[in-house]
Every structure is written in C-alpha cells, then in structure tokens.
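Structure data follow from query11.cif (mmCIF, C-alpha atoms):
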data_entry
loop_
_atom_site.label_atom_id
_atom_site.label_comp_id
_atom_site.auth_asym_id
_atom_site.auth_seq_id
_atom_site.Cartn_x
_atom_site.Cartn_y
_atom_site.Cartn_z
CA MET O 1 54.66 50.32 58.14
CA ALA O 2 58.28 50.45 59.15
CA VAL O 3 58.05 54.16 59.93
CA THR O 4 55.48 53.52 62.69
CA ALA O 5 57.80 51.16 64.53
CA VAL O 6 60.71 53.54 64.11
CA ALA O 7 58.68 56.46 65.49
CA ALA O 8 57.51 54.48 68.50
CA ALA O 9 61.08 53.43 69.33
CA ALA O 10 62.43 56.94 68.87
CA PHE O 11 59.83 58.61 71.11
CA PRO O 12 58.46 56.08 73.63
CA ALA O 13 57.19 58.72 76.05
CA ALA O 14 56.01 61.30 73.51
CA ALA O 15 52.50 61.50 74.92
CA GLN O 16 53.86 62.41 78.37
CA GLU O 17 56.05 65.27 77.16
CA ARG O 18 54.95 68.86 77.77
CA PRO O 19 57.53 70.96 75.95
CA LEU O 20 55.58 74.20 76.42
CA GLY O 21 54.19 73.51 79.89
CA THR O 22 50.82 72.26 81.06
CA LEU O 23 47.58 73.58 79.60
CA ARG O 24 47.03 75.55 82.78
CA GLU O 25 50.45 77.16 82.58
CA GLN O 26 49.90 77.99 78.92
CA ALA O 27 46.50 79.54 79.70
CA GLU O 28 48.02 81.74 82.41
CA MET O 29 50.64 82.99 79.97
CA ARG O 30 48.06 83.69 77.26
CA GLN O 31 45.84 85.52 79.73
CA GLU O 32 48.71 87.84 80.61
CA TRP O 33 49.35 88.47 76.91
CA LEU O 34 45.67 89.32 76.42
CA LYS O 35 45.79 91.80 79.30
CA LEU O 36 48.86 93.48 77.81
CA ARG O 37 47.33 93.66 74.34
CA LEU O 38 44.14 95.24 75.64
CA GLU O 39 46.02 97.69 77.86
CA ARG O 40 49.00 98.49 75.68
CA VAL O 41 48.12 97.93 72.02
CA LEU O 42 44.39 98.60 71.70
CA PRO O 43 44.25 102.17 73.15
CA ARG O 44 47.13 103.26 70.94
CA LEU O 45 45.46 101.88 67.80
CA LEU O 46 42.10 103.47 68.62
CA ARG O 47 43.79 106.87 68.89
CA THR O 48 45.99 106.30 65.84
CA HIS O 49 42.89 105.71 63.73
CA GLY O 50 40.81 108.46 65.37
CA VAL O 51 38.20 106.04 66.71
CA ASP O 52 36.10 106.92 69.78
CA MET O 53 34.32 103.57 69.99
CA TRP O 54 34.81 100.13 68.45
CA ILE O 55 31.87 97.71 68.42
CA VAL O 56 32.43 93.98 67.78
CA PRO O 57 29.26 91.82 67.88
CA VAL O 58 29.80 88.04 67.76
CA ARG O 59 27.59 84.97 67.78
CA GLU O 60 28.38 81.41 68.74
CA TYR O 61 30.23 79.61 65.91
CA ASN O 62 29.99 82.70 63.74
CA GLU O 63 32.70 84.67 65.46
CA ASP O 64 34.45 87.72 64.06
CA PRO O 65 38.08 86.87 63.11
CA VAL O 66 39.29 89.30 65.79
CA PHE O 67 37.24 87.53 68.51
CA PHE O 68 39.93 85.04 69.54
CA SER O 69 42.44 87.88 69.90
CA LEU O 70 40.09 89.69 72.32
CA VAL O 71 39.13 86.88 74.70
CA SER O 72 40.71 84.55 77.25
CA PRO O 73 42.16 81.18 76.17
CA THR O 74 39.40 79.40 78.12
CA THR O 75 36.75 81.05 75.91
CA MET O 76 36.44 78.78 72.89
CA ALA O 77 33.28 80.23 71.32
CA ALA O 78 31.15 83.35 71.64
CA ARG O 79 28.32 81.57 73.52
CA ARG O 80 25.07 82.81 72.01
CA ARG O 81 25.60 86.52 71.35
CA THR O 82 28.11 88.92 72.89
CA VAL O 83 28.69 92.51 71.84
CA TYR O 84 32.12 93.88 72.75
CA VAL O 85 32.37 97.65 73.05
CA PHE O 86 35.65 99.56 73.41
CA SER O 87 35.06 103.19 74.34
CA ASP O 88 37.93 105.67 74.55
CA ARG O 89 37.25 108.04 77.45
CA GLY O 90 40.50 109.93 76.93
CA PRO O 91 44.15 109.50 78.00
CA GLU O 92 43.38 109.83 81.72
CA ALA O 93 40.24 107.67 81.98
CA GLY O 94 41.50 105.21 79.38
CA VAL O 95 39.55 102.76 77.24
CA GLU O 96 36.47 101.09 78.70
CA ARG O 97 36.10 97.44 77.78
CA ILE O 98 32.47 96.32 77.90
CA ALA O 99 30.99 92.90 77.15
CA ILE O 100 27.25 92.96 76.55
CA GLY O 101 26.58 89.34 77.38
CA GLY O 102 29.37 86.83 77.73
CA THR O 103 31.81 86.94 80.64
CA SER O 104 34.39 89.33 82.02
CA GLN O 105 37.23 87.26 80.51
CA GLY O 106 39.01 87.01 83.83
CA GLY O 107 38.12 90.52 84.96
CA LEU O 108 39.27 92.26 81.78
CA TYR O 109 35.77 93.38 80.70
CA GLU O 110 32.81 94.93 82.44
CA VAL O 111 29.86 92.65 81.73
CA VAL O 112 26.54 94.37 81.03
CA ARG O 113 23.40 92.23 81.05
CA ASP O 114 20.51 94.33 82.37
CA PRO O 115 19.42 97.55 80.66
CA ALA O 116 18.01 98.95 83.91
CA ALA O 117 21.23 98.58 85.90
CA ALA O 118 23.64 101.45 86.53
CA MET O 119 27.15 101.27 85.19
CA GLY O 120 29.51 99.38 87.50
CA THR O 121 33.19 98.72 87.85
CA ALA O 122 35.52 96.70 85.63
CA GLY O 123 34.91 92.99 85.90
CA ALA O 124 31.46 93.39 87.47
CA THR O 125 28.58 91.23 86.26
CA ARG O 126 25.05 92.59 85.78
CA ARG O 127 21.69 90.88 86.32
CA LEU O 128 20.88 88.28 83.70
CA ALA O 129 18.84 89.12 80.61
CA GLU O 130 17.69 86.88 77.76
CA PRO O 131 20.91 86.47 75.70
CA PHE O 132 19.27 85.88 72.32
CA GLY O 133 16.56 88.50 72.49
CA PRO O 134 16.41 92.18 71.55
CA GLU O 135 17.80 93.06 75.00
CA GLN O 136 21.34 92.76 73.63
CA TRP O 137 20.74 95.51 71.12
CA SER O 138 18.80 97.62 73.63
CA LEU O 139 21.78 97.39 75.97
CA LEU O 140 24.11 98.42 73.17
CA THR O 141 21.96 101.43 72.37
CA GLN O 142 22.05 102.50 76.01
CA VAL O 143 25.83 102.10 76.22
CA VAL O 144 26.39 104.10 73.03
CA GLU O 145 23.93 106.88 73.95
CA GLU O 146 25.53 107.35 77.37
CA ARG O 147 28.99 107.79 75.83
CA ASP O 148 27.92 109.73 72.74
CA PRO O 149 30.99 108.83 70.60
CA GLY O 150 31.81 110.86 67.53
CA ARG O 151 33.36 108.08 65.43
CA ILE O 152 32.30 104.46 65.76
CA ALA O 153 34.29 101.67 64.08
CA VAL O 154 32.88 98.34 62.93
CA ASN O 155 34.55 95.47 61.11
CA ILE O 156 33.47 95.72 57.48
CA SER O 157 36.01 95.36 54.68
CA ARG O 158 36.10 94.29 51.05
CA ASN O 159 39.88 93.96 51.20
CA HIS O 160 40.80 92.11 54.40
CA ALA O 161 39.13 88.99 55.79
CA PHE O 162 40.45 89.85 59.27
CA SER O 163 38.54 93.16 59.14
CA ASP O 164 35.26 91.84 57.71
CA GLY O 165 33.77 90.02 60.69
CA LEU O 166 30.49 91.94 61.02
CA THR O 167 27.87 89.72 59.39
CA ALA O 168 25.00 91.14 57.35
CA GLY O 169 22.42 90.06 59.93
CA GLU O 170 24.25 91.64 62.86
CA TRP O 171 24.88 94.81 60.85
CA ASP O 172 21.19 95.19 60.03
CA ALA O 173 20.16 94.57 63.65
CA MET O 174 22.76 97.01 65.00
CA ARG O 175 21.73 99.85 62.68
CA GLU O 176 18.07 99.32 63.50
CA ALA O 177 18.76 99.34 67.25
CA LEU O 178 20.98 102.42 67.22
CA GLY O 179 18.73 104.44 64.93
CA PRO O 180 19.73 106.88 62.19
CA ARG O 181 21.44 109.46 64.43
CA LEU O 182 23.95 107.06 66.01
CA ALA O 183 24.22 104.78 63.00
CA SER O 184 25.36 107.74 60.89
CA ARG O 185 28.54 107.85 63.01
CA ILE O 186 29.51 104.30 62.12
CA SER O 187 32.19 103.61 59.53
CA SER O 188 34.67 100.94 58.58
CA HIS O 189 38.21 101.30 59.89
CA GLU O 190 39.69 98.19 58.34
CA LEU O 191 43.24 98.76 59.56
CA LEU O 192 42.14 98.80 63.22
CA PRO O 193 41.30 95.08 63.57
CA LEU O 194 43.99 94.18 61.05
CA GLN O 195 46.75 95.89 63.03
CA TYR O 196 45.44 94.73 66.39
CA ILE O 197 45.63 91.10 65.27
CA GLU O 198 48.95 91.66 63.49
CA GLU O 199 50.95 93.29 66.30
CA ARG O 200 53.13 91.01 68.43
CA LEU O 201 54.14 91.61 72.03
CA PRO O 202 57.87 91.37 72.80
CA GLU O 203 56.84 89.08 75.67
CA MET O 204 55.64 86.51 73.13
CA LEU O 205 58.97 86.11 71.38
CA PRO O 206 60.82 83.80 73.83
CA VAL O 207 57.95 81.30 73.73
CA TYR O 208 57.71 81.57 69.96
CA ARG O 209 61.42 80.82 69.77
CA GLN O 210 60.78 77.64 71.80
CA MET O 211 58.11 76.67 69.28
CA GLN O 212 60.62 77.17 66.48
CA GLU O 213 63.11 74.92 68.26
CA LEU O 214 60.46 72.20 68.35
CA VAL O 215 59.74 72.67 64.66
CA HIS O 216 63.40 72.45 63.68
CA GLU O 217 63.97 69.40 65.88
CA THR O 218 60.90 67.67 64.46
CA ILE O 219 61.90 68.29 60.84
CA ALA O 220 65.47 67.16 61.55
CA THR O 221 64.12 63.87 62.93
CA ALA O 222 61.62 63.43 60.09
CA PHE O 223 64.43 63.89 57.55
CA SER O 224 66.70 61.29 59.15
CA ASN O 225 67.11 57.53 59.37
CA ARG O 226 64.97 57.53 62.49
CA VAL O 227 61.97 57.96 60.20
CA ILE O 228 63.15 57.32 56.62
CA THR O 229 64.52 54.05 55.27
CA PRO O 230 65.61 54.71 51.66
CA GLY O 231 63.83 52.43 49.26
CA GLU O 232 61.03 51.64 51.73
CA THR O 233 59.54 54.83 53.19
CA ASN O 234 56.96 56.80 51.19
CA THR O 235 56.51 60.57 51.43
CA ALA O 236 53.06 60.01 53.00
CA ASP O 237 54.71 57.97 55.79
CA VAL O 238 56.78 61.03 56.70
CA VAL O 239 53.76 63.35 56.48
CA TRP O 240 51.79 61.22 58.92
CA TRP O 241 54.77 60.82 61.21
CA LEU O 242 54.90 64.63 61.43
CA ARG O 243 51.19 64.83 62.21
CA GLN O 244 51.45 62.11 64.84
CA ARG O 245 54.51 63.65 66.47
CA VAL O 246 52.72 66.98 66.85
CA ASN O 247 49.72 65.23 68.38
CA ASP O 248 51.92 63.21 70.77
CA LEU O 249 53.51 66.44 72.00
CA GLY O 250 50.08 67.83 72.86
CA LEU O 251 50.37 70.53 70.20
CA GLY O 252 48.09 71.46 67.33
CA ASP O 253 48.50 72.04 63.61
CA TRP O 254 46.76 74.40 61.23
CA PHE O 255 47.46 72.65 57.92
CA GLN O 256 48.35 69.22 56.63
CA PRO O 257 52.16 68.95 56.25
CA SER O 258 53.60 68.12 52.87
CA VAL O 259 56.70 66.18 51.83
CA SER O 260 57.87 66.14 48.22
CA VAL O 261 60.79 64.79 46.21
CA GLN O 262 63.05 66.08 43.41
CA ARG O 263 65.03 63.35 41.64
CA HIS O 264 67.87 63.44 39.14
CA GLY O 265 66.58 62.77 35.65
CA VAL O 266 62.98 62.17 36.70
CA GLU O 267 59.94 64.45 36.53
CA MET O 268 58.27 64.06 39.95
CA ALA O 269 55.46 66.62 39.65
CA ASP O 270 52.80 63.93 39.13
CA SER O 271 54.13 61.55 41.79
CA ALA O 272 51.56 61.67 44.59
CA ASP O 273 53.27 59.39 47.10
CA PRO O 274 56.66 58.22 45.84
CA VAL O 275 59.05 55.92 47.67
CA ILE O 276 62.04 57.95 48.88
CA ARG O 277 65.29 56.84 47.23
CA ARG O 278 68.97 57.57 47.62
CA GLY O 279 70.00 60.76 45.85
CA ASP O 280 66.60 62.41 46.32
CA VAL O 281 66.20 66.03 47.37
CA LEU O 282 63.43 66.32 49.97
CA HIS O 283 61.19 69.26 50.85
CA THR O 284 58.69 69.72 53.65
CA ASP O 285 56.17 72.42 54.54
CA PHE O 286 55.29 72.02 58.23
CA GLY O 287 53.68 74.10 60.98
CA ILE O 288 52.43 73.79 64.54
CA SER O 289 49.92 75.66 66.71
CA ALA O 290 50.29 76.36 70.42
CA LEU O 291 49.46 79.14 72.91
CA GLY O 292 47.32 80.84 70.26
CA LEU O 293 50.37 81.14 67.96
CA ASN O 294 51.26 79.41 64.70
CA THR O 295 54.45 78.52 62.86
CA ASP O 296 55.12 77.89 59.16
CA THR O 297 58.44 76.37 58.08
CA GLN O 298 59.88 74.87 54.90
CA HIS O 299 63.17 72.99 54.92
CA MET O 300 65.18 70.89 52.46
CA GLY O 301 66.70 67.45 52.93
CA TYR O 302 68.96 65.12 50.97
CA VAL O 303 69.18 61.31 50.91
CA LEU O 304 72.84 60.33 50.68
CA ARG O 305 73.96 57.95 47.99
CA GLU O 306 76.29 55.12 48.92
CA GLY O 307 79.71 56.58 49.66
CA GLU O 308 78.50 60.17 50.12
CA SER O 309 78.97 62.04 53.38
CA ASP O 310 77.10 65.20 52.34
CA ALA O 311 75.01 66.62 49.52
CA PRO O 312 76.79 67.51 46.25
CA GLY O 313 78.31 70.95 45.91
CA GLY O 314 75.85 71.95 43.19
CA LEU O 315 72.92 71.41 45.54
CA TYR O 316 74.61 73.56 48.17
CA ALA O 317 75.11 76.28 45.56
CA ALA O 318 71.37 76.13 44.88
CA LEU O 319 70.64 76.36 48.61
CA ARG O 320 72.93 79.38 48.91
CA ASN O 321 70.98 81.14 46.15
CA ALA O 322 67.81 80.73 48.23
CA ASN O 323 69.68 81.99 51.31
CA ARG O 324 70.84 85.02 49.34
CA LEU O 325 67.28 85.78 48.31
CA GLN O 326 66.35 85.64 52.00
CA ASP O 327 69.08 88.22 52.70
CA LEU O 328 67.80 90.54 49.98
CA LEU O 329 64.22 90.32 51.23
CA LEU O 330 65.10 91.00 54.87
CA GLU O 331 67.22 94.00 53.86
CA GLU O 332 64.24 95.50 52.00
CA MET O 333 61.66 94.89 54.76
CA GLU O 334 61.75 98.42 56.14
CA PRO O 335 58.73 99.42 58.27
CA GLY O 336 56.68 102.02 56.41
CA ARG O 337 57.18 100.37 53.04
CA THR O 338 54.24 98.53 51.53
CA GLY O 339 54.35 94.82 50.84
CA ASP O 340 54.30 95.54 47.10
CA GLU O 341 57.21 97.97 47.41
CA VAL O 342 59.29 95.43 49.32
CA LEU O 343 58.44 92.80 46.68
CA ARG O 344 59.42 95.04 43.78
CA ARG O 345 62.72 96.12 45.33
CA THR O 346 63.63 92.56 46.29
CA LEU O 347 62.89 91.13 42.85
CA GLU O 348 64.88 93.88 41.16
CA ARG O 349 67.93 93.04 43.27
CA MET O 350 67.34 89.31 42.79
CA ARG O 351 67.39 89.67 39.00
CA ALA O 352 70.46 91.92 39.16
CA GLU O 353 72.26 89.05 40.91
CA SER O 354 70.97 86.54 38.29
CA ILE O 355 68.94 84.53 40.79
CA ASP O 356 65.89 82.77 39.35
CA GLY O 357 63.35 82.93 42.15
CA SER O 358 60.06 84.19 43.50
CA VAL O 359 58.84 85.65 46.80
CA TYR O 360 55.54 84.93 48.56
CA THR O 361 56.03 86.05 52.16
CA HIS O 362 53.23 86.55 54.68
CA PRO O 363 52.67 87.75 58.26
CA ILE O 364 52.23 85.11 60.97
CA GLY O 365 51.10 85.02 64.59
CA ASP O 366 47.50 84.60 65.76
CA HIS O 367 46.89 82.98 62.37
CA GLY O 368 49.21 80.99 60.13
CA HIS O 369 48.59 83.22 57.14
CA GLY O 370 48.35 86.24 59.38
CA ALA O 371 46.99 89.76 59.35
CA GLY O 372 49.11 92.42 57.72
CA PRO O 373 50.86 93.08 54.40
CA LEU O 374 51.55 90.36 51.86
CA ILE O 375 54.90 90.45 50.08
CA GLY O 376 53.90 88.66 46.90
CA LEU O 377 51.97 85.48 46.24
CA TRP O 378 53.34 82.55 44.24
CA ASP O 379 51.08 83.52 41.32
CA ARG O 380 51.33 87.31 41.85
CA GLN O 381 54.91 88.47 41.46
CA ASP O 382 53.79 91.90 40.24
CA GLY O 383 52.02 92.80 43.51
CA VAL O 384 48.94 91.84 45.49
CA PRO O 385 45.83 94.06 45.32
CA ALA O 386 44.88 95.54 48.72
CA ARG O 387 46.97 93.20 50.89
CA GLY O 388 50.16 94.23 49.12
CA GLU O 389 49.34 97.91 49.62
CA VAL O 390 49.46 97.62 53.43
CA GLU O 391 52.57 98.99 55.15
CA LEU O 392 54.99 96.94 57.23
CA ARG O 393 54.96 97.83 60.93
CA PRO O 394 57.29 97.31 63.89
CA ASN O 395 56.51 94.53 66.39
CA THR O 396 55.34 92.10 63.72
CA TRP O 397 56.39 88.62 62.59
CA PHE O 398 56.71 87.27 59.05
CA SER O 399 57.15 83.87 57.46
CA ILE O 400 59.94 84.59 54.98
CA GLU O 401 58.68 82.27 52.25
CA LEU O 402 60.39 82.09 48.84
CA GLN O 403 62.16 79.85 46.35
CA ALA O 404 65.21 79.93 44.10
CA THR O 405 65.67 77.54 41.17
CA THR O 406 69.22 76.69 40.05
CA PRO O 407 70.78 74.32 37.47
CA VAL O 408 72.88 71.68 39.26
CA PRO O 409 76.00 70.38 37.43
CA GLU O 410 75.95 67.04 39.24
CA TRP O 411 72.42 66.55 37.91
CA ASP O 412 73.45 67.34 34.30
CA GLY O 413 72.22 70.91 34.58
CA GLN O 414 68.75 69.90 35.82
CA GLN O 415 66.92 72.75 37.56
CA VAL O 416 66.49 72.16 41.30
CA ARG O 417 64.09 74.25 43.35
CA MET O 418 65.07 75.29 46.88
CA ALA O 419 61.89 76.43 48.66
CA LEU O 420 62.57 77.82 52.12
CA GLU O 421 60.35 79.33 54.79
CA GLU O 422 61.53 80.69 58.12
CA GLU O 423 60.06 83.07 60.70
CA ALA O 424 61.56 86.52 61.19
CA ALA O 425 60.64 89.26 63.66
CA LEU O 426 60.56 93.02 63.17
CA ASP O 427 61.19 94.57 66.58
CA ALA O 428 59.98 97.89 67.98
CA ASP O 429 62.82 99.71 66.18
CA GLY O 430 62.19 97.90 62.90
CA ARG O 431 65.28 95.70 63.16
CA ARG O 432 64.92 92.31 61.46
CA GLN O 433 66.10 89.05 62.96
CA TRP O 434 65.40 85.37 62.53
CA VAL O 435 63.20 84.12 65.34
CA LEU O 436 65.55 81.15 65.63
CA ARG O 437 67.86 80.57 62.67
CA ARG O 438 67.56 79.76 58.99
CA GLN O 439 68.53 76.57 57.20
CA GLU O 440 71.96 76.70 55.59
CA ARG O 441 72.74 72.96 55.45
CA PHE O 442 70.63 70.02 54.30
CA HIS O 443 69.00 67.60 56.67
CA LEU O 444 70.69 64.31 55.75
CA VAL O 445 69.23 60.84 55.50
CA ARG O 446 72.16 58.41 55.64
#

Full structure transcribed into structure tokens:
Amino acid sequence: MAVTAVAAAAFPAAAQERPLGTLREQAEMRQEWLKLRLERVLPRLLRTHGVDMWIVPVREYNEDPVFFSLVSPTTMAARRRTVYVFSDRGPEAGVERIAIGGTSQGGLYEVVRDPAAAMGTAGATRRLAEPFGPEQWSLLTQVVEERDPGRIAVNISRNHAFSDGLTAGEWDAMREALGPRLASRISSHELLPLQYIEERLPEMLPVYRQMQELVHETIATAFSNRVITPGETNTADVVWWLRQRVNDLGLGDWFQPSVSVQRHGVEMADSADPVIRRGDVLHTDFGISALGLNTDTQHMGYVLREGESDAPGGLYAALRNANRLQDLLLEEMEPGRTGDEVLRRTLERMRAESIDGSVYTHPIGDHGHGAGPLIGLWDRQDGVPARGEVELRPNTWFSIELQATTPVPEWDGQQVRMALEEEAALDADGRRQWVLRRQERFHLVR
C-alpha cells in the first residue's frame, strides 16, 4: 500500500532510534523506582490500613496483579512459586521484605529457601529447597509464627481485580499451612494493593512526559500527509502504521489502536474500514507501553477540502465544548472525593452549560486501565458500583477521557462527536495538571 512506502521514507532509521534509552538504562531507572516504592510508599500504606503483615503468594504465569509492581524489571514471571511477605516491625525497624523462593530482586528482598536456616540480612539467599513442594508453605508458617502479626492482609476482593490476586488453590494451601490460629488473623484489605499499584512517584513524571511527547508526535504524523493520501488511504492503513511505528521505536502497546471517520451527510457507524476522504473528521485512540508505564490518548483530525487552510469554525466550536468539559472535570477532581461524586458534580455543571457529553475517565500508570477510582463508564453515567466509590488520592495519574457532541452549522446541523483523552497528574498537594498538554487544534491532513 502507499502508506507503507510513505512510512518507510518518513522514518528510514526508526528501528535504530531509542527515544527512552537502551533497555539497560530503562531497567536501571525502573529498579530505582521499585526501591523507592518499597521504601517510601509501601510502609505508609501498611500503617494507614492497620496491617502488620501482607502475604502475596504467586505462581508462574498465574501471577497476582500486584506482582509486577513488586519485582524488578528483569523478572518477567514468578518462576514456579514465590511467596512475598511484608512484615511491619515498627517505625524504627521498618518493613521486612521477604521472598520465600524467587530471588532478592536486586537486593531488595531477603530470600528464604530453607526452613532450618536462621534469619539473615536483607538480600541474603538461603539454601535451596524444592520450590514446588510443601516446603514453601512450611517456610511461610515459620516466618509468620516468628513474627506473630496481629493483622494479616491477603489479596481477596469481589470489587477490584487488582486486589483479587490470591487464587482459590493458594488460599486453601495457605490456610491449611498456617492452621486455624494464624489463619484467623487473615482478612482482605482490598485498598492496600489497589493504592500501592495506583500511587505514582514524582520521579516517574519526567519520563512519562517524554512518553506523552512521543504519543503526540506519532499521532500528528499519522494524521498528516506523511501517512494519509485522501482518496487512497484506509483507516486500517493508519492503524497499522501506528502499530508499526511503535514497534520500530522499540516500544510496546497494550491495545490495538483505532481510527474512525465522521463524514458530512453520511452515517459511518457501520463502515469498518473506509477510505479517508477530504472533509472527513478523524479520531484515533492510541497508547504505548514503556518502562512499566502505559499511555492512553484520543485526538481528533480533519482532512482539508480543496481551498481550505483549517477546519471549519463549527468543528472548532465542537472541539471547544469538549475542552470545556475537560476543564469542568479537572476542577471537580478534588482528592478525597469519590469517583462517583466527581462524575455527578461534573455532569451537573456540564448540563448547566448546555453541553451534550459524557465522562468515562480512569486511572493510568502500571496498567492502561489502572488501579483506583473510576469517574464514569461510557454506559454508566449514573455512577460505577464499587470502583466509583473509591476516593481520589494525591500522587495519581488519570486518563481524562470524555466526549462532547455538538451540531455543526457547516454540516447542516449534523451532530459531530469530539472524543478526547489526555493524561493528567494529581500531585502530592492535589493540584491537577496536564502531563503534557491537551489538544485544542485539529491535526490537519492537507
């Protein structure tokens, strides 16, 4: 296709580019973030939730959702069975980090492998035991008995997938190993893993801003004549150009991008892969993955008609309505409010300003659709059970995802939908800011 030749000419050395550094440099950065999360975030959350010990058992390819937020970037699976134990010994002694099986994750955990060995120092490795046998649970029992915690947290939740990582088999084996006395101290603390995964380090933000720059640059190129030839290029051509560009940059993606068209006087809902024409309004939903972080962005484009130098004023009025809805949402995103409360207040103000829109905003970070409170879903504008009842917290990131639909005079009053999505950060003081910037002008195909 023509788009392939255009892409190759536009980016001849794409495979050699390393916009976020080498894999080794990225791993070093992620390892430092892990250290800070375990030292700075985890102890505070354990004490906030009144937890003396947190036990996280994982098995290879059946990992708890929190697993990848607890281990080094070079650990890509649990490797047989590992039981992570976090034991709060008090403000002075701090939180012990124990890995029963597995590795020390670069010296961040004390590895326990032999039930007969005495406790050692952080990062030490014990004598090898059979990793699949009952020894793992015997070791856990010894560790728990020696520390005698009052309240033990495990990851069981009906409400939050991020907090429901303890499988039925591991739960049964753990209770049997610990016995009734210790097992009676176990309870679910679903906000503990949820908030640990959700919270962002300030040190992550500069790199995340670089990722956003890449996203904006990539969309701007995709919605330009470097990729699109009006009358020839299909929406699928642009989708696969986006996927290929991400791959050529050595980055990852967590969902298939989408590109869609709105056209004057034509219903496009059933058009699976239309040819892009002059006068079309374009939309893309696009995200990348790198350094254990994810982005999620939606932008709008316009294909100029002959003689046009910009999109019609009515389309810009529609875009401004979506921008205004972004303003209203950010103003209502006060830490301490629940997602449902923010949704309700935003929609009330939206209707008072006669904007026809909807809000479906989500946290983002370690996961694309991240841990934390939901502020609406596209099909739930009256609130989201459980996830909408969670409170917003400082040091978190959100994909501000919403749409506003507006009649456009130049299109004979046809309704045009402006769906936007942009990342925003809530800092330690609860101030809201765009991670990079929001879209206020169309990407133009000339």

Expansion of the PyMOL selection byres ((chain O and resi 265-272) around 9) into residues, as JSON, numbers by chain = {"O": [235, 236, 260, 261, 262, 263, 264, 273, 274, 411, 412, 414]}

Selection above as a file: C-alpha atoms, as a CSV table (one decimal), in the coordinates of the input:
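Once written, selection-v3.csv looks like this:
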chain,number,residue,atom,x,y,z
O,235,THR,CA,56.5,60.6,51.4
O,236,ALA,CA,53.1,60.0,53.0
O,260,SER,CA,57.9,66.1,48.2
O,261,VAL,CA,60.8,64.8,46.2
O,262,GLN,CA,63.0,66.1,43.4
O,263,ARG,CA,65.0,63.4,41.6
O,264,HIS,CA,67.9,63.4,39.1
O,273,ASP,CA,53.3,59.4,47.1
O,274,PRO,CA,56.7,58.2,45.8
O,411,TRP,CA,72.4,66.6,37.9
O,412,ASP,CA,73.4,67.3,34.3
O,414,GLN,CA,68.8,69.9,35.8

Could you tell me which residues the PyMOL selection byres ((chain O and resi 423) around 8) grabs in this file, written as a PyMOL selection string? chain O and resi 295-297+397-400+421-422+424-425+434-436

Q | Nearest to Arg97 in chain O, chosen from O:Pro385, O:Gly250, O:Gly370, O:Pro43, with all atoms listed in the file counted in the distances | A |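 Looking at the shortest contact to Arg97 in chain O, the residue is O:Pro43.
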
Selected by the PyMOL selection byres ((chain O and resi 19) around 10) in the shown coordinates: which residues, as number ranges by chain? O: 16-18, 20-22, 210-211, 214, 249-251

CA of Val342 in chain O to CA of His369 in chain O, straight-line distance in Å
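Atom-to-atom, CA of His369 in chain O to CA of Val342 in chain O, that is 18.0 Å.
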
Edge lengths and centre, in Å to one decimal, as AutoDock Vina command-line options: that's what I need for the box along x, y and z that holds all listed atoms of range 412-420 of chain O plus 5 Å on each side.
--center_x 67.7 --center_y 72.6 --center_z 43.2 --size_x 21.6 --size_y 20.5 --size_z 27.8

Q) Any idea what the distance is between CA of Thr74 in chain O and CA of Gln26 in chain O? A)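 Between CA of Thr74 in chain O and CA of Gln26 in chain O the gap works out to 10.6 Å.
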